[in-house]
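Chemist: Below: one structure in structure tokens.
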Number of protein chains: 2
Amino acid sequence: MAEITVVKIGGNVVDNPVALEHFAADFAALPGRKILIHGGGKEATRLSARLDIPTTMIEGRRVTSAETLDVVTMVYAGLVNKRVVASLQTHGCNALGLSGVDGCLIPAVRRSPVPVDYGFVGDINPDNVNAGFIGSLLNAGIVPVFCALAYDREASTLLNCNADSVASAVAIAASRLATTSLTYCFEKDGVMADVENPGSLITSITPSSFAELKADGTVNGGMLPKITNAIAAVKSGLECVRICRSDMLLSDRGTTITVPADEAEC
Amino acid sequence: MAEITVVKIGGNVVDNPVALEHFAADFAALPGRKILIHGGGKEATRLSARLDIPTTMIEGRRVTSAETLDVVTMVYAGLVNKRVVASLQTHGCNALGLSGVDGCLIPAVRRSPVPVDYGFVGDINPDNVNAGFIGSLLNAGIVPVFCALAYDREASTLLNCNADSVASAVAIAASRLATTSLTYCFEKDGVMADVENPGSLITSITPSSFAELKADGTVNGGMLPKITNAIAAVKSGLECVRICRSDMLLSDRGTTITVPADEAEC
């Protein structure tokens, strides 16, 4: 079993007080050292609308102007982060909210404006994540709770990041400290062979089985990059990546992505 | 000289990029262990106005409804806190932004609704501040940067606090670890005998001199509670409290409030 558990939750949990309450109780009960990463996109879109700031998404990514950066800083690092931390603290989990600028924990580089200018959006190299300080926090009994904002030191600005990518980078960095697993919680049971059929959960994926699932079209759309990134993360040092529903956290259900030794070169 | 320096900045610094830049450079240059507390009220009032949320102030304190609590959480813990942390990081100061819920650092109790119902507003007992964890951060080379939000564990909610009071509580808690001084940065040179006369700075105040300044009306209005609280903080363990302009941080200018041993009972 992994010694560090990294969990990522998205809008379906943070936007729903009942789901968050349920999740916080489960997450607090997870044994061992743990780290949480959360999204908050829907709340950011709502605040933007109230402030008459247009929201532009390209391939699921938020184009982040200076004023949108202020919005996501308020929503992710403020409203959502503190809401999640308060909920965890209530369940006896000693959470501490962080963004990538805090302690310079997650440095990032602004994405090239070519071919698409996403504005204040960054990409993270897991090698640059401050794993040492994350380790100190974990060893002090602290549960770091990250929002998906990283820090561009050169430009002295926060950068908006994809929460899945932050989770992956933080988990890879944590795997330098101890055996680490990463769980993505989302609204489905896991990767489904047939989204209409709840019995069609694919419980295990490896690089070779993923090649088949892609080839016959079983896995397609938004799941493709998710699994590709998960396989890359396991190859970078994680024990495994699991994709499951947020209320399955304490079980071993969902889809588990591993890279068996004989497939490491796949 | 104090081993821990606690500094509080208000709206005149955090609302002004040039002033913040100047302050961050000075604060980064302060030797030794240090802690920063910031306000952000004007920004909160601006966001409230943009969201059509009424702002009600009673005796300088913000009445904090549930939706105003969301606004101050976004502004204080998100926008302003991360702006300050980014500015400090750029100057090589390893800042880490915090609210009172993070690591349960600053517990508070909701203020009684009688005689005035301020809503989600809390009062802090310095004895309950988690000085041990603040000490661990300081010893790890971290500079904690607090916004003025505390945590009511029983009700699982953040509480809006007065930033001066947070600074005082954190400084008193820090004084359990090592000799601690507290500096309030504001827009004036310090306590002035005559606000119209820049040459009338009162450089030193003790309980007995304060009694005289009150009696003859030299000190009045908003300065009275500020100095009363400063004297109480020194009596509770601080080495001294200084009140000065934010660009005087690295000097020893301003008004210094101390309690000489022979006045400790005043």
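Residues in the structure tokens are numbered from 1 in each chain, the chains being A, B, ... in the order shown, and ligands are numbered from 1 in the order shown.
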I want to know what sits within 8 Å of range 61-74 of chain A, based on only C-alpha atoms, with residues of the same chain fewer than 6 positions away left out; could you give that as a PDB file with N, CA and C atoms, in the first residue's frame?
Modeler:
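See part27.pdb below for the written result:
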ATOM      1  N   ALA A  44     -15.847  29.433 -10.388  1.00  0.00           N
ATOM      2  CA  ALA A  44     -15.145  30.537 -11.056  1.00  0.00           C
ATOM      3  C   ALA A  44     -15.978  31.085 -12.218  1.00  0.00           C
ATOM      4  N   LEU A  47     -18.800  33.200 -10.683  1.00  0.00           N
ATOM      5  CA  LEU A  47     -18.367  34.524 -10.221  1.00  0.00           C
ATOM      6  C   LEU A  47     -18.054  35.420 -11.419  1.00  0.00           C
ATOM      7  N   SER A  48     -17.407  34.860 -12.446  1.00  0.00           N
ATOM      8  CA  SER A  48     -17.127  35.652 -13.651  1.00  0.00           C
ATOM      9  C   SER A  48     -18.418  36.222 -14.224  1.00  0.00           C
ATOM     10  N   ILE A  53     -17.572  39.269 -16.495  1.00  0.00           N
ATOM     11  CA  ILE A  53     -16.294  38.930 -17.125  1.00  0.00           C
ATOM     12  C   ILE A  53     -16.548  37.699 -17.990  1.00  0.00           C
ATOM     13  N   THR A  55     -16.294  34.261 -19.925  1.00  0.00           N
ATOM     14  CA  THR A  55     -15.540  33.014 -19.742  1.00  0.00           C
ATOM     15  C   THR A  55     -15.319  32.385 -21.109  1.00  0.00           C
ATOM     16  N   ASP A 117      -3.224  31.200 -27.354  1.00  0.00           N
ATOM     17  CA  ASP A 117      -2.845  32.038 -26.221  1.00  0.00           C
ATOM     18  C   ASP A 117      -3.873  31.879 -25.104  1.00  0.00           C
ATOM     19  N   TYR A 118      -3.509  31.103 -24.098  1.00  0.00           N
ATOM     20  CA  TYR A 118      -4.416  30.874 -22.963  1.00  0.00           C
ATOM     21  C   TYR A 118      -4.265  31.959 -21.896  1.00  0.00           C
ATOM     22  N   GLY A 119      -3.359  32.910 -22.098  1.00  0.00           N
ATOM     23  CA  GLY A 119      -3.173  33.957 -21.087  1.00  0.00           C
ATOM     24  C   GLY A 119      -2.350  33.441 -19.919  1.00  0.00           C
ATOM     25  N   PHE A 120      -2.826  33.752 -18.703  1.00  0.00           N
ATOM     26  CA  PHE A 120      -2.077  33.393 -17.492  1.00  0.00           C
ATOM     27  C   PHE A 120      -2.303  31.923 -17.122  1.00  0.00           C
ATOM     28  N   VAL A 121      -1.828  31.060 -17.988  1.00  0.00           N
ATOM     29  CA  VAL A 121      -1.955  29.617 -17.776  1.00  0.00           C
ATOM     30  C   VAL A 121      -0.557  29.020 -17.773  1.00  0.00           C
ATOM     31  N   LEU A 149      -3.350  26.578  -8.634  1.00  0.00           N
ATOM     32  CA  LEU A 149      -2.649  27.792  -9.050  1.00  0.00           C
ATOM     33  C   LEU A 149      -1.159  27.582  -8.802  1.00  0.00           C
ATOM     34  N   LEU A 158       0.871  34.562 -10.317  1.00  0.00           N
ATOM     35  CA  LEU A 158       0.245  33.250 -10.267  1.00  0.00           C
ATOM     36  C   LEU A 158      -0.103  32.830 -11.684  1.00  0.00           C
ATOM     37  N   LEU A 159      -0.211  31.527 -11.895  1.00  0.00           N
ATOM     38  CA  LEU A 159      -0.659  31.007 -13.184  1.00  0.00           C
ATOM     39  C   LEU A 159      -1.752  29.975 -12.924  1.00  0.00           C
ATOM     40  N   ASN A 160      -2.786  30.041 -13.723  1.00  0.00           N
ATOM     41  CA  ASN A 160      -3.881  29.097 -13.629  1.00  0.00           C
ATOM     42  C   ASN A 160      -3.449  27.766 -14.250  1.00  0.00           C
ATOM     43  N   ASN A 162      -4.352  23.358 -14.812  1.00  0.00           N
ATOM     44  CA  ASN A 162      -5.331  22.292 -14.802  1.00  0.00           C
ATOM     45  C   ASN A 162      -5.153  21.487 -13.510  1.00  0.00           C
TER      46      ASN A 162
ATOM     47  N   THR B  73     -13.656  36.067   2.282  1.00  0.00           N
ATOM     48  CA  THR B  73     -12.822  34.869   2.107  1.00  0.00           C
ATOM     49  C   THR B  73     -12.129  34.920   0.749  1.00  0.00           C
ATOM     50  N   MET B  74     -12.869  35.338  -0.277  1.00  0.00           N
ATOM     51  CA  MET B  74     -12.270  35.439  -1.612  1.00  0.00           C
ATOM     52  C   MET B  74     -11.194  36.514  -1.655  1.00  0.00           C
ATOM     53  N   VAL B  75     -11.500  37.657  -1.045  1.00  0.00           N
ATOM     54  CA  VAL B  75     -10.582  38.799  -1.153  1.00  0.00           C
ATOM     55  C   VAL B  75      -9.385  38.635  -0.215  1.00  0.00           C
ATOM     56  N   ALA B  77      -8.318  35.842   1.795  1.00  0.00           N
ATOM     57  CA  ALA B  77      -7.528  34.596   1.715  1.00  0.00           C
ATOM     58  C   ALA B  77      -7.064  34.313   0.292  1.00  0.00           C
ATOM     59  N   GLY B  78      -7.802  34.866  -0.697  1.00  0.00           N
ATOM     60  CA  GLY B  78      -7.449  34.617  -2.095  1.00  0.00           C
ATOM     61  C   GLY B  78      -6.652  35.761  -2.679  1.00  0.00           C
ATOM     62  N   LEU B  79      -7.357  36.748  -3.191  1.00  0.00           N
ATOM     63  CA  LEU B  79      -6.727  37.812  -3.982  1.00  0.00           C
ATOM     64  C   LEU B  79      -5.590  38.518  -3.249  1.00  0.00           C
ATOM     65  N   LYS B  82      -2.580  36.117  -1.754  1.00  0.00           N
ATOM     66  CA  LYS B  82      -1.665  35.565  -2.768  1.00  0.00           C
ATOM     67  C   LYS B  82      -0.881  36.673  -3.472  1.00  0.00           C
TER      68      LYS B  82
END
Chemist: For chain A, report every residue with an atom at most 10 Å from chain B (counting only C-alpha atoms), formatted as a PyMOL selection string.
Modeler: chain A and resi 47+50-52+69-83+85-105+133+136-137+140-145+151-158
Chemist: Include C-alpha atoms and write out the residues we just selected as an mmCIF file, in the first residue's frame.
Modeler:
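Done, and the output landed in result_33.cif:
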data_model
loop_
_atom_site.group_PDB
_atom_site.id
_atom_site.type_symbol
_atom_site.label_atom_id
_atom_site.label_comp_id
_atom_site.auth_asym_id
_atom_site.auth_seq_id
_atom_site.Cartn_x
_atom_site.Cartn_y
_atom_site.Cartn_z
ATOM 1 C CA LEU A 47 -18.367 34.524 -10.221
ATOM 2 C CA ARG A 50 -21.766 37.908 -11.813
ATOM 3 C CA LEU A 51 -18.862 40.280 -12.534
ATOM 4 C CA ASP A 52 -19.651 40.464 -16.272
ATOM 5 C CA LEU A 69 -6.725 35.376 -13.001
ATOM 6 C CA ASP A 70 -8.083 37.565 -10.182
ATOM 7 C CA VAL A 71 -11.354 35.622 -10.290
ATOM 8 C CA VAL A 72 -9.704 32.200 -10.114
ATOM 9 C CA THR A 73 -7.353 33.423 -7.376
ATOM 10 C CA MET A 74 -10.358 34.531 -5.326
ATOM 11 C CA VAL A 75 -12.353 31.374 -5.997
ATOM 12 C CA TYR A 76 -9.686 28.668 -5.960
ATOM 13 C CA ALA A 77 -7.253 30.001 -3.315
ATOM 14 C CA GLY A 78 -9.939 31.775 -1.283
ATOM 15 C CA LEU A 79 -13.508 30.528 -1.341
ATOM 16 C CA VAL A 80 -13.090 26.892 -2.372
ATOM 17 C CA ASN A 81 -9.749 26.209 -0.686
ATOM 18 C CA LYS A 82 -10.897 27.510 2.692
ATOM 19 C CA ARG A 83 -14.266 25.788 2.389
ATOM 20 C CA VAL A 85 -9.981 23.075 4.595
ATOM 21 C CA ALA A 86 -12.740 24.021 7.062
ATOM 22 C CA SER A 87 -14.688 20.897 6.185
ATOM 23 C CA LEU A 88 -11.620 18.691 6.701
ATOM 24 C CA GLN A 89 -10.686 20.421 9.975
ATOM 25 C CA THR A 90 -14.192 19.741 11.253
ATOM 26 C CA HIS A 91 -13.568 16.057 10.609
ATOM 27 C CA GLY A 92 -10.334 16.160 12.603
ATOM 28 C CA CYS A 93 -8.074 16.219 9.560
ATOM 29 C CA ASN A 94 -5.330 18.820 10.070
ATOM 30 C CA ALA A 95 -5.622 20.413 6.636
ATOM 31 C CA LEU A 96 -3.639 23.433 5.501
ATOM 32 C CA GLY A 97 -4.602 25.238 2.306
ATOM 33 C CA LEU A 98 -1.951 26.130 -0.250
ATOM 34 C CA SER A 99 -1.449 27.501 -3.704
ATOM 35 C CA GLY A 100 1.707 27.066 -5.736
ATOM 36 C CA VAL A 101 3.062 30.481 -4.716
ATOM 37 C CA ASP A 102 3.014 29.605 -1.013
ATOM 38 C CA GLY A 103 6.487 28.516 -0.008
ATOM 39 C CA CYS A 104 7.154 28.587 -3.765
ATOM 40 C CA LEU A 105 5.832 25.029 -3.706
ATOM 41 C CA PHE A 133 8.847 21.137 1.980
ATOM 42 C CA SER A 136 8.179 18.451 6.044
ATOM 43 C CA LEU A 137 4.501 19.355 6.209
ATOM 44 C CA ALA A 140 4.473 17.395 10.883
ATOM 45 C CA GLY A 141 1.038 15.758 10.577
ATOM 46 C CA ILE A 142 -0.232 18.408 8.175
ATOM 47 C CA VAL A 143 -2.488 17.543 5.225
ATOM 48 C CA PRO A 144 -1.651 19.926 2.367
ATOM 49 C CA VAL A 145 -4.703 21.010 0.353
ATOM 50 C CA TYR A 151 3.702 30.445 -9.504
ATOM 51 C CA ASP A 152 5.849 32.046 -12.183
ATOM 52 C CA ARG A 153 8.701 33.533 -10.176
ATOM 53 C CA GLU A 154 10.265 35.377 -13.125
ATOM 54 C CA ALA A 155 7.049 37.235 -13.896
ATOM 55 C CA SER A 156 5.983 37.378 -10.220
ATOM 56 C CA THR A 157 2.522 36.121 -11.041
ATOM 57 C CA LEU A 158 0.245 33.250 -10.267
#
Chemist: So which one's closest to Asp194 in chain A, A:Ile4, A:Leu182, A:Ala211, A:Gly217? Using only C-alpha atoms, please.
Modeler: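 Of A:Ile4, A:Leu182, A:Ala211, A:Gly217, the one nearest Asp194 in chain A is A:Gly217, counting only C-alpha atoms.
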Chemist: Mind pulling up the distance from CA of Gly190 in chain A to CA of Arg253 in chain A?
Modeler: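 Between these atoms lies a distance of 8.2 Å.
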Chemist: Please identify all polymer residues within 9 Å of His38 in chain B, counting only C-alpha atoms, omitting same-chain residues fewer than 3 positions from it, and present them as an MDAnalysis selection string.
Modeler: chainID B and resid 7:11 13:14 76 80:81 84 145:148 163:164 167
Chemist: Only C-alpha atoms, please: the residues just picked out, written as a PDB file, in the first residue's frame.
Modeler:
ATOM      1  CA  VAL B   7       4.199  43.316  11.102  1.00  0.00           C
ATOM      2  CA  LYS B   8       0.685  44.366  10.166  1.00  0.00           C
ATOM      3  CA  ILE B   9      -0.125  46.226   6.952  1.00  0.00           C
ATOM      4  CA  GLY B  10      -3.445  47.687   5.953  1.00  0.00           C
ATOM      5  CA  GLY B  11      -5.255  48.848   2.881  1.00  0.00           C
ATOM      6  CA  VAL B  13      -0.221  49.081   1.248  1.00  0.00           C
ATOM      7  CA  VAL B  14      -2.168  46.151  -0.171  1.00  0.00           C
ATOM      8  CA  TYR B  76      -8.534  38.283   2.013  1.00  0.00           C
ATOM      9  CA  VAL B  80      -4.871  39.882  -1.396  1.00  0.00           C
ATOM     10  CA  ASN B  81      -3.083  37.072   0.419  1.00  0.00           C
ATOM     11  CA  VAL B  84       1.235  39.742  -1.016  1.00  0.00           C
ATOM     12  CA  VAL B 145       1.505  35.661   5.941  1.00  0.00           C
ATOM     13  CA  PHE B 146      -1.898  35.780   7.625  1.00  0.00           C
ATOM     14  CA  CYS B 147      -5.116  37.287   6.423  1.00  0.00           C
ATOM     15  CA  ALA B 148      -7.617  38.304   9.092  1.00  0.00           C
ATOM     16  CA  ALA B 163      -6.610  42.585  11.271  1.00  0.00           C
ATOM     17  CA  ASP B 164      -5.121  44.644  14.123  1.00  0.00           C
ATOM     18  CA  ALA B 167      -1.754  40.805  14.537  1.00  0.00           C
TER      19      ALA B 167
END
Chemist: From the DSSP assignment of the backbone, select every residue of range 169-199 of chain A that is helix (DSSP H, G or I), and format the answer as a count of residues only.
Modeler: 6
Chemist: Tell me, in Å to one decimal, how far CA of Arg33 in chain A is from CA of Ile172 in chain A.
Modeler: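 Computed distance, CA of Arg33 in chain A to CA of Ile172 in chain A, equals 14.8 Å.
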